[in-house]
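So this block is coords27.pdb, PDB, C-alpha atoms, pLDDT in the B column:
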ATOM      1  CA  VAL A   1     -15.049   9.504  -7.477  1.00 93.00           C
ATOM      2  CA  GLN A   2     -15.354   6.044  -8.989  1.00 96.00           C
ATOM      3  CA  LEU A   3     -12.402   3.905 -10.009  1.00 97.00           C
ATOM      4  CA  GLN A   4     -12.505   0.982 -12.423  1.00 96.00           C
ATOM      5  CA  ALA A   5      -9.436  -1.220 -12.709  1.00 96.00           C
ATOM      6  CA  SER A   6      -8.864  -3.550 -15.640  1.00 96.00           C
ATOM      7  CA  GLY A   7      -6.169  -5.392 -17.537  1.00 97.00           C
ATOM      8  CA  GLY A   8      -5.327  -8.266 -15.235  1.00 96.00           C
ATOM      9  CA  GLY A   9      -4.829 -11.791 -16.438  1.00 97.00           C
ATOM     10  CA  LEU A  10      -2.611 -14.834 -16.546  1.00 98.00           C
ATOM     11  CA  VAL A  11       0.933 -14.468 -17.834  1.00 98.00           C
ATOM     12  CA  GLN A  12       4.098 -16.519 -17.741  1.00 98.00           C
ATOM     13  CA  ALA A  13       7.088 -15.408 -15.718  1.00 98.00           C
ATOM     14  CA  GLY A  14       9.074 -12.851 -17.656  1.00 98.00           C
ATOM     15  CA  GLY A  15       6.012 -11.586 -19.432  1.00 98.00           C
ATOM     16  CA  SER A  16       4.236  -8.252 -19.356  1.00 98.00           C
ATOM     17  CA  LEU A  17       0.824  -6.887 -18.508  1.00 98.00           C
ATOM     18  CA  ARG A  18      -0.669  -3.423 -18.550  1.00 98.00           C
ATOM     19  CA  LEU A  19      -3.230  -2.467 -15.948  1.00 98.00           C
ATOM     20  CA  SER A  20      -5.502   0.512 -16.348  1.00 97.00           C
ATOM     21  CA  CYS A  21      -7.567   2.464 -13.855  1.00 97.00           C
ATOM     22  CA  ALA A  22     -10.326   4.694 -15.171  1.00 96.00           C
ATOM     23  CA  ALA A  23     -11.497   7.473 -12.883  1.00 95.00           C
ATOM     24  CA  SER A  24     -14.857   9.193 -13.093  1.00 94.00           C
ATOM     25  CA  GLY A  25     -16.794  11.675 -11.032  1.00 94.00           C
ATOM     26  CA  ASN A  26     -15.082  14.575  -9.296  1.00 91.00           C
ATOM     27  CA  ILE A  27     -11.661  13.747 -10.713  1.00 91.00           C
ATOM     28  CA  SER A  28     -10.431  17.313 -10.326  1.00 91.00           C
ATOM     29  CA  SER A  29     -10.294  16.654  -6.590  1.00 92.00           C
ATOM     30  CA  ILE A  30      -7.692  13.899  -7.005  1.00 93.00           C
ATOM     31  CA  ASN A  31      -4.090  14.647  -6.129  1.00 94.00           C
ATOM     32  CA  THR A  32      -2.505  11.202  -6.054  1.00 95.00           C
ATOM     33  CA  MET A  33      -3.279   7.944  -7.790  1.00 96.00           C
ATOM     34  CA  SER A  34      -1.747   4.761  -6.491  1.00 97.00           C
ATOM     35  CA  TRP A  35      -1.576   1.072  -7.198  1.00 98.00           C
ATOM     36  CA  TYR A  36      -1.640  -1.482  -4.409  1.00 98.00           C
ATOM     37  CA  ARG A  37      -1.668  -5.253  -4.475  1.00 98.00           C
ATOM     38  CA  GLN A  38      -2.655  -8.042  -2.159  1.00 98.00           C
ATOM     39  CA  ALA A  39      -1.426 -11.572  -2.524  1.00 97.00           C
ATOM     40  CA  PRO A  40      -3.270 -14.510  -0.933  1.00 92.00           C
ATOM     41  CA  GLY A  41      -2.560 -14.674   2.788  1.00 95.00           C
ATOM     42  CA  LYS A  42      -0.577 -11.437   2.753  1.00 96.00           C
ATOM     43  CA  GLN A  43      -1.246  -7.853   3.697  1.00 97.00           C
ATOM     44  CA  ARG A  44      -2.011  -5.266   1.094  1.00 97.00           C
ATOM     45  CA  GLU A  45       1.178  -3.794  -0.322  1.00 97.00           C
ATOM     46  CA  TRP A  46       1.720  -0.410  -1.899  1.00 98.00           C
ATOM     47  CA  VAL A  47       3.197  -0.650  -5.417  1.00 98.00           C
ATOM     48  CA  ALA A  48       3.472   2.835  -6.913  1.00 98.00           C
ATOM     49  CA  PHE A  49       1.968   6.300  -6.990  1.00 98.00           C
ATOM     50  CA  ILE A  50       1.826   9.312  -9.253  1.00 97.00           C
ATOM     51  CA  THR A  51       0.798  12.780  -8.148  1.00 95.00           C
ATOM     52  CA  SER A  52      -0.846  15.591 -10.048  1.00 92.00           C
ATOM     53  CA  GLY A  53       2.589  17.201 -10.148  1.00 91.00           C
ATOM     54  CA  ASP A  54       4.025  14.053 -11.772  1.00 91.00           C
ATOM     55  CA  ILE A  55       5.963  12.924  -8.743  1.00 96.00           C
ATOM     56  CA  ILE A  56       6.371   9.169  -9.105  1.00 98.00           C
ATOM     57  CA  LYS A  57       7.489   6.592  -6.576  1.00 98.00           C
ATOM     58  CA  TYR A  58       7.799   2.816  -6.681  1.00 98.00           C
ATOM     59  CA  ALA A  59       8.129   0.096  -4.130  1.00 98.00           C
ATOM     60  CA  ASP A  60      11.588  -1.447  -4.178  1.00 98.00           C
ATOM     61  CA  SER A  61      10.086  -4.782  -5.168  1.00 97.00           C
ATOM     62  CA  VAL A  62       8.886  -3.401  -8.517  1.00 98.00           C
ATOM     63  CA  LYS A  63      11.379  -0.635  -9.240  1.00 98.00           C
ATOM     64  CA  GLY A  64      12.856  -0.968 -12.691  1.00 98.00           C
ATOM     65  CA  ARG A  65      10.134  -3.377 -13.823  1.00 98.00           C
ATOM     66  CA  PHE A  66       6.888  -1.428 -13.390  1.00 98.00           C
ATOM     67  CA  THR A  67       6.003   1.965 -14.825  1.00 98.00           C
ATOM     68  CA  ILE A  68       3.100   4.113 -13.667  1.00 98.00           C
ATOM     69  CA  SER A  69       1.716   6.753 -15.985  1.00 97.00           C
ATOM     70  CA  ARG A  70      -1.271   9.019 -16.325  1.00 94.00           C
ATOM     71  CA  ASP A  71      -3.423  10.093 -19.264  1.00 90.00           C
ATOM     72  CA  ASN A  72      -5.285  13.185 -18.159  1.00 83.00           C
ATOM     73  CA  ALA A  73      -7.356  13.355 -21.328  1.00 84.00           C
ATOM     74  CA  LYS A  74      -8.733   9.881 -20.653  1.00 82.00           C
ATOM     75  CA  SER A  75      -8.727  10.211 -16.837  1.00 90.00           C
ATOM     76  CA  THR A  76      -6.809   6.985 -16.575  1.00 93.00           C
ATOM     77  CA  VAL A  77      -3.747   5.776 -14.749  1.00 96.00           C
ATOM     78  CA  ALA A  78      -1.822   2.824 -16.105  1.00 98.00           C
ATOM     79  CA  LEU A  79       0.624   0.390 -14.593  1.00 98.00           C
ATOM     80  CA  GLN A  80       2.901  -1.223 -17.149  1.00 98.00           C
ATOM     81  CA  MET A  81       4.383  -4.364 -15.649  1.00 98.00           C
ATOM     82  CA  ARG A  82       7.373  -6.073 -17.232  1.00 98.00           C
ATOM     83  CA  SER A  83       9.621  -8.977 -16.273  1.00 98.00           C
ATOM     84  CA  LEU A  84       6.833 -10.349 -14.149  1.00 98.00           C
ATOM     85  CA  LYS A  85       7.619 -12.866 -11.462  1.00 98.00           C
ATOM     86  CA  PRO A  86       5.417 -15.395  -9.669  1.00 97.00           C
ATOM     87  CA  ASP A  87       5.762 -13.196  -6.577  1.00 97.00           C
ATOM     88  CA  ASP A  88       3.871 -10.474  -8.450  1.00 98.00           C
ATOM     89  CA  THR A  89       0.756 -12.625  -8.350  1.00 98.00           C
ATOM     90  CA  ALA A  90      -1.908 -10.651  -6.507  1.00 98.00           C
ATOM     91  CA  VAL A  91      -5.101  -8.696  -6.824  1.00 98.00           C
ATOM     92  CA  TYR A  92      -4.122  -5.209  -7.923  1.00 98.00           C
ATOM     93  CA  TYR A  93      -6.110  -2.195  -6.766  1.00 98.00           C
ATOM     94  CA  CYS A  94      -6.008   1.406  -7.833  1.00 97.00           C
ATOM     95  CA  ALA A  95      -6.690   4.087  -5.268  1.00 97.00           C
ATOM     96  CA  ALA A  96      -7.149   7.837  -5.252  1.00 96.00           C
ATOM     97  CA  MET A  97      -6.196  10.419  -2.673  1.00 95.00           C
ATOM     98  CA  VAL A  98      -7.964  13.749  -2.885  1.00 94.00           C
ATOM     99  CA  ARG A  99      -6.328  17.078  -2.242  1.00 91.00           C
ATOM    100  CA  GLY A 100      -5.938  17.833   1.433  1.00 91.00           C
ATOM    101  CA  SER A 101      -6.151  14.186   2.449  1.00 92.00           C
ATOM    102  CA  ASN A 102      -3.390  11.892   3.665  1.00 91.00           C
ATOM    103  CA  VAL A 103      -5.316   8.676   3.122  1.00 92.00           C
ATOM    104  CA  HIS A 104      -6.653   7.047  -0.008  1.00 92.00           C
ATOM    105  CA  ASN A 105     -10.283   8.031  -0.166  1.00 92.00           C
ATOM    106  CA  TYR A 106     -11.429   5.903  -3.081  1.00 96.00           C
ATOM    107  CA  TRP A 107     -10.583   2.384  -4.229  1.00 97.00           C
ATOM    108  CA  GLY A 108     -11.233   0.413  -7.358  1.00 96.00           C
ATOM    109  CA  GLN A 109     -12.576  -3.124  -7.305  1.00 94.00           C
ATOM    110  CA  GLY A 110      -9.289  -4.889  -8.024  1.00 94.00           C
ATOM    111  CA  THR A 111      -8.022  -6.911 -10.946  1.00 97.00           C
ATOM    112  CA  GLN A 112      -6.330 -10.297 -10.653  1.00 98.00           C
ATOM    113  CA  VAL A 113      -2.791 -10.766 -11.934  1.00 98.00           C
ATOM    114  CA  THR A 114      -1.454 -14.305 -11.978  1.00 98.00           C
ATOM    115  CA  VAL A 115       2.123 -15.042 -13.003  1.00 98.00           C
ATOM    116  CA  SER A 116       2.937 -18.678 -13.675  1.00 97.00           C
ATOM    117  CA  SER A 117       6.426 -20.098 -13.296  1.00 94.00           C
TER     118      SER A 117
END
Mind turning this structure into structure tokens?
Amino acid sequence: VQLQASGGGLVQAGGSLRLSCAASGNISSINTMSWYRQAPGKQREWVAFITSGDIIKYADSVKGRFTISRDNAKSTVALQMRSLKPDDTAVYYCAAMVRGSNVHNYWGQGTQVTVSS
């Protein structure tokens, strides 16, 4: 499985961005797709996940502002981010967990999101 994240950029506080993660390879093995982020000097933080059964969860820090969705036809997972804050500045990574696993087996390369105040 290969993951390619895109869509990052520079945005002002209060603005929106849409990240996308394209999966290729043995995508039928994937059960859960997640987004993580890592800000400078901080540990990687889980943001949201969506399962093959459409179970969706968000971190409290983004709940109500971010929306994760999946397009099976395009093998992509998106993260719509609204009402962005400077604290959302980070490198965002998508990750995939295959069926039968309890860890994320595959990671994308990351895309930078910078929110200016």
key: Residues returned when the PyMOL selection byres ((chain A and resi 91) around 7) runs on this file, as a ChimeraX atom specification   = /A:37-39,90,92-93,110-113
Output of the above residues as a compact mmCIF listing (two decimals), keeping the file's coordinate frame, restricted to C-alpha atoms:
# COMPACT_ATOMS: atom_id res chain seq x y z
CA ARG A 37 -1.67 -5.25 -4.47
CA GLN A 38 -2.66 -8.04 -2.16
CA ALA A 39 -1.43 -11.57 -2.52
CA ALA A 90 -1.91 -10.65 -6.51
CA TYR A 92 -4.12 -5.21 -7.92
CA TYR A 93 -6.11 -2.19 -6.77
CA GLY A 110 -9.29 -4.89 -8.02
CA THR A 111 -8.02 -6.91 -10.95
CA GLN A 112 -6.33 -10.30 -10.65
CA VAL A 113 -2.79 -10.77 -11.93
Closest of A:Arg65, A:Lys85, A:Arg99, A:Arg70 to Ser34 (chain A) - atom-to-atom distances counting all atoms listed in the file = A:Arg70
Please list as a PDB file with C-alpha atoms, in the frame of the given file every residue within 10 Å of region 74-84 of chain A, counting all atoms listed in the file and excluding residues in the same chain fewer than 2 positions away.
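For reference, selection.pdb as written:
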ATOM      1  CA  LEU A   3     -12.402   3.905 -10.009  1.00 97.00           C
ATOM      2  CA  GLN A   4     -12.505   0.982 -12.423  1.00 96.00           C
ATOM      3  CA  ALA A   5      -9.436  -1.220 -12.709  1.00 96.00           C
ATOM      4  CA  SER A   6      -8.864  -3.550 -15.640  1.00 96.00           C
ATOM      5  CA  GLY A   7      -6.169  -5.392 -17.537  1.00 97.00           C
ATOM      6  CA  VAL A  11       0.933 -14.468 -17.834  1.00 98.00           C
ATOM      7  CA  GLN A  12       4.098 -16.519 -17.741  1.00 98.00           C
ATOM      8  CA  ALA A  13       7.088 -15.408 -15.718  1.00 98.00           C
ATOM      9  CA  GLY A  14       9.074 -12.851 -17.656  1.00 98.00           C
ATOM     10  CA  GLY A  15       6.012 -11.586 -19.432  1.00 98.00           C
ATOM     11  CA  SER A  16       4.236  -8.252 -19.356  1.00 98.00           C
ATOM     12  CA  LEU A  17       0.824  -6.887 -18.508  1.00 98.00           C
ATOM     13  CA  ARG A  18      -0.669  -3.423 -18.550  1.00 98.00           C
ATOM     14  CA  LEU A  19      -3.230  -2.467 -15.948  1.00 98.00           C
ATOM     15  CA  SER A  20      -5.502   0.512 -16.348  1.00 97.00           C
ATOM     16  CA  CYS A  21      -7.567   2.464 -13.855  1.00 97.00           C
ATOM     17  CA  ALA A  22     -10.326   4.694 -15.171  1.00 96.00           C
ATOM     18  CA  ALA A  23     -11.497   7.473 -12.883  1.00 95.00           C
ATOM     19  CA  SER A  24     -14.857   9.193 -13.093  1.00 94.00           C
ATOM     20  CA  ILE A  27     -11.661  13.747 -10.713  1.00 91.00           C
ATOM     21  CA  SER A  28     -10.431  17.313 -10.326  1.00 91.00           C
ATOM     22  CA  MET A  33      -3.279   7.944  -7.790  1.00 96.00           C
ATOM     23  CA  SER A  34      -1.747   4.761  -6.491  1.00 97.00           C
ATOM     24  CA  TRP A  35      -1.576   1.072  -7.198  1.00 98.00           C
ATOM     25  CA  VAL A  47       3.197  -0.650  -5.417  1.00 98.00           C
ATOM     26  CA  ALA A  48       3.472   2.835  -6.913  1.00 98.00           C
ATOM     27  CA  PHE A  49       1.968   6.300  -6.990  1.00 98.00           C
ATOM     28  CA  ILE A  50       1.826   9.312  -9.253  1.00 97.00           C
ATOM     29  CA  VAL A  62       8.886  -3.401  -8.517  1.00 98.00           C
ATOM     30  CA  GLY A  64      12.856  -0.968 -12.691  1.00 98.00           C
ATOM     31  CA  ARG A  65      10.134  -3.377 -13.823  1.00 98.00           C
ATOM     32  CA  PHE A  66       6.888  -1.428 -13.390  1.00 98.00           C
ATOM     33  CA  THR A  67       6.003   1.965 -14.825  1.00 98.00           C
ATOM     34  CA  ILE A  68       3.100   4.113 -13.667  1.00 98.00           C
ATOM     35  CA  SER A  69       1.716   6.753 -15.985  1.00 97.00           C
ATOM     36  CA  ARG A  70      -1.271   9.019 -16.325  1.00 94.00           C
ATOM     37  CA  ASP A  71      -3.423  10.093 -19.264  1.00 90.00           C
ATOM     38  CA  ASN A  72      -5.285  13.185 -18.159  1.00 83.00           C
ATOM     39  CA  PRO A  86       5.417 -15.395  -9.669  1.00 97.00           C
ATOM     40  CA  ASP A  87       5.762 -13.196  -6.577  1.00 97.00           C
ATOM     41  CA  ASP A  88       3.871 -10.474  -8.450  1.00 98.00           C
ATOM     42  CA  THR A  89       0.756 -12.625  -8.350  1.00 98.00           C
ATOM     43  CA  TYR A  92      -4.122  -5.209  -7.923  1.00 98.00           C
ATOM     44  CA  CYS A  94      -6.008   1.406  -7.833  1.00 97.00           C
ATOM     45  CA  VAL A 113      -2.791 -10.766 -11.934  1.00 98.00           C
ATOM     46  CA  THR A 114      -1.454 -14.305 -11.978  1.00 98.00           C
ATOM     47  CA  VAL A 115       2.123 -15.042 -13.003  1.00 98.00           C
ATOM     48  CA  SER A 116       2.937 -18.678 -13.675  1.00 97.00           C
ATOM     49  CA  SER A 117       6.426 -20.098 -13.296  1.00 94.00           C
TER      50      SER A 117
END
ask   = List as a PyMOL selection string: which residues have an atom within 12 Å of (-9.9, 9.2, 1.9), counting all atoms listed in the file?
value = chain A and resi 1+29-33+95-107
Produce the centre coordinates and the three edge lengths, each in Å to one decimal, of the box along x, y and z that contains all listed atoms of region 38-53 of chain A with 4 Å added on each side, as lines of an AutoDock Vina configuration file.
center_x = 0.1
center_y = 1.3
center_z = -3.2
size_x = 14.7
size_y = 39.9
size_z = 21.8
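The coordinates place CA of Ala59 (chain A) at 8.8 Å from CA of Glu45 (chain A).
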request  = Please measure the separation of CA of Arg44 (chain A) and CA of Tyr58 (chain A), giving the value in Å to one decimal.
outcome  =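 These atoms are spaced 14.9 Å apart.
Note that the spacing between CA of Trp46 (chain A) and CA of Ala73 (chain A) amounts to 25.5 Å.
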Write region 87-107 of chain A as a PDB file, in the frame of the given file, completed to N, CA, C and O atoms.
ATOM      1  N   ASP A  87       6.030 -13.981  -7.780  1.00 97.00           N
ATOM      2  CA  ASP A  87       5.762 -13.196  -6.577  1.00 97.00           C
ATOM      3  C   ASP A  87       4.907 -11.960  -6.846  1.00 97.00           C
ATOM      4  O   ASP A  87       4.413 -11.338  -5.901  1.00 97.00           O
ATOM      5  N   ASP A  88       4.737 -11.603  -8.105  1.00 98.00           N
ATOM      6  CA  ASP A  88       3.871 -10.474  -8.450  1.00 98.00           C
ATOM      7  C   ASP A  88       2.403 -10.872  -8.488  1.00 98.00           C
ATOM      8  O   ASP A  88       1.532 -10.014  -8.658  1.00 98.00           O
ATOM      9  N   THR A  89       2.137 -12.154  -8.351  1.00 98.00           N
ATOM     10  CA  THR A  89       0.756 -12.625  -8.350  1.00 98.00           C
ATOM     11  C   THR A  89      -0.019 -12.012  -7.198  1.00 98.00           C
ATOM     12  O   THR A  89       0.391 -12.117  -6.034  1.00 98.00           O
ATOM     13  N   ALA A  90      -1.112 -11.351  -7.527  1.00 98.00           N
ATOM     14  CA  ALA A  90      -1.908 -10.651  -6.507  1.00 98.00           C
ATOM     15  C   ALA A  90      -3.138 -10.048  -7.174  1.00 98.00           C
ATOM     16  O   ALA A  90      -3.236 -10.009  -8.403  1.00 98.00           O
ATOM     17  N   VAL A  91      -4.041  -9.565  -6.339  1.00 98.00           N
ATOM     18  CA  VAL A  91      -5.101  -8.696  -6.824  1.00 98.00           C
ATOM     19  C   VAL A  91      -4.574  -7.267  -6.738  1.00 98.00           C
ATOM     20  O   VAL A  91      -4.083  -6.842  -5.689  1.00 98.00           O
ATOM     21  N   TYR A  92      -4.643  -6.572  -7.847  1.00 98.00           N
ATOM     22  CA  TYR A  92      -4.122  -5.209  -7.923  1.00 98.00           C
ATOM     23  C   TYR A  92      -5.283  -4.220  -7.833  1.00 98.00           C
ATOM     24  O   TYR A  92      -6.300  -4.365  -8.529  1.00 98.00           O
ATOM     25  N   TYR A  93      -5.094  -3.214  -6.991  1.00 98.00           N
ATOM     26  CA  TYR A  93      -6.110  -2.195  -6.766  1.00 98.00           C
ATOM     27  C   TYR A  93      -5.555  -0.817  -7.099  1.00 98.00           C
ATOM     28  O   TYR A  93      -4.397  -0.511  -6.776  1.00 98.00           O
ATOM     29  N   CYS A  94      -6.371   0.007  -7.712  1.00 97.00           N
ATOM     30  CA  CYS A  94      -6.008   1.406  -7.833  1.00 97.00           C
ATOM     31  C   CYS A  94      -6.744   2.195  -6.767  1.00 97.00           C
ATOM     32  O   CYS A  94      -7.825   1.795  -6.317  1.00 97.00           O
ATOM     33  N   ALA A  95      -6.129   3.284  -6.346  1.00 97.00           N
ATOM     34  CA  ALA A  95      -6.690   4.087  -5.268  1.00 97.00           C
ATOM     35  C   ALA A  95      -6.408   5.557  -5.536  1.00 97.00           C
ATOM     36  O   ALA A  95      -5.410   5.899  -6.178  1.00 97.00           O
ATOM     37  N   ALA A  96      -7.285   6.397  -5.038  1.00 96.00           N
ATOM     38  CA  ALA A  96      -7.149   7.837  -5.252  1.00 96.00           C
ATOM     39  C   ALA A  96      -7.158   8.569  -3.919  1.00 96.00           C
ATOM     40  O   ALA A  96      -7.939   8.241  -3.020  1.00 96.00           O
ATOM     41  N   MET A  97      -6.267   9.545  -3.842  1.00 95.00           N
ATOM     42  CA  MET A  97      -6.196  10.419  -2.673  1.00 95.00           C
ATOM     43  C   MET A  97      -6.566  11.827  -3.117  1.00 95.00           C
ATOM     44  O   MET A  97      -5.961  12.350  -4.058  1.00 95.00           O
ATOM     45  N   VAL A  98      -7.534  12.413  -2.479  1.00 94.00           N
ATOM     46  CA  VAL A  98      -7.964  13.749  -2.885  1.00 94.00           C
ATOM     47  C   VAL A  98      -7.073  14.797  -2.222  1.00 94.00           C
ATOM     48  O   VAL A  98      -6.389  14.531  -1.233  1.00 94.00           O
ATOM     49  N   ARG A  99      -7.122  15.968  -2.771  1.00 91.00           N
ATOM     50  CA  ARG A  99      -6.328  17.078  -2.242  1.00 91.00           C
ATOM     51  C   ARG A  99      -6.706  17.358  -0.797  1.00 91.00           C
ATOM     52  O   ARG A  99      -7.883  17.356  -0.435  1.00 91.00           O
ATOM     53  N   GLY A 100      -5.692  17.551   0.026  1.00 91.00           N
ATOM     54  CA  GLY A 100      -5.938  17.833   1.433  1.00 91.00           C
ATOM     55  C   GLY A 100      -6.057  16.604   2.305  1.00 91.00           C
ATOM     56  O   GLY A 100      -6.177  16.722   3.529  1.00 91.00           O
ATOM     57  N   SER A 101      -6.031  15.431   1.686  1.00 92.00           N
ATOM     58  CA  SER A 101      -6.151  14.186   2.449  1.00 92.00           C
ATOM     59  C   SER A 101      -4.796  13.492   2.530  1.00 92.00           C
ATOM     60  O   SER A 101      -3.947  13.667   1.666  1.00 92.00           O
ATOM     61  N   ASN A 102      -4.608  12.702   3.564  1.00 91.00           N
ATOM     62  CA  ASN A 102      -3.390  11.892   3.665  1.00 91.00           C
ATOM     63  C   ASN A 102      -3.725  10.404   3.682  1.00 91.00           C
ATOM     64  O   ASN A 102      -2.877   9.581   4.061  1.00 91.00           O
ATOM     65  N   VAL A 103      -4.930  10.074   3.293  1.00 92.00           N
ATOM     66  CA  VAL A 103      -5.316   8.676   3.122  1.00 92.00           C
ATOM     67  C   VAL A 103      -5.972   8.538   1.759  1.00 92.00           C
ATOM     68  O   VAL A 103      -6.430   9.513   1.167  1.00 92.00           O
ATOM     69  N   HIS A 104      -5.992   7.298   1.264  1.00 92.00           N
ATOM     70  CA  HIS A 104      -6.653   7.047  -0.008  1.00 92.00           C
ATOM     71  C   HIS A 104      -8.161   6.967   0.224  1.00 92.00           C
ATOM     72  O   HIS A 104      -8.637   6.133   0.978  1.00 92.00           O
ATOM     73  N   ASN A 105      -8.861   7.871  -0.403  1.00 92.00           N
ATOM     74  CA  ASN A 105     -10.283   8.031  -0.166  1.00 92.00           C
ATOM     75  C   ASN A 105     -11.147   7.094  -1.006  1.00 92.00           C
ATOM     76  O   ASN A 105     -12.271   6.774  -0.625  1.00 92.00           O
ATOM     77  N   TYR A 106     -10.634   6.704  -2.148  1.00 96.00           N
ATOM     78  CA  TYR A 106     -11.429   5.903  -3.081  1.00 96.00           C
ATOM     79  C   TYR A 106     -10.579   4.740  -3.590  1.00 96.00           C
ATOM     80  O   TYR A 106      -9.381   4.888  -3.841  1.00 96.00           O
ATOM     81  N   TRP A 107     -11.254   3.598  -3.780  1.00 97.00           N
ATOM     82  CA  TRP A 107     -10.583   2.384  -4.229  1.00 97.00           C
ATOM     83  C   TRP A 107     -11.365   1.754  -5.378  1.00 97.00           C
ATOM     84  O   TRP A 107     -12.603   1.762  -5.366  1.00 97.00           O
TER      85      TRP A 107
END
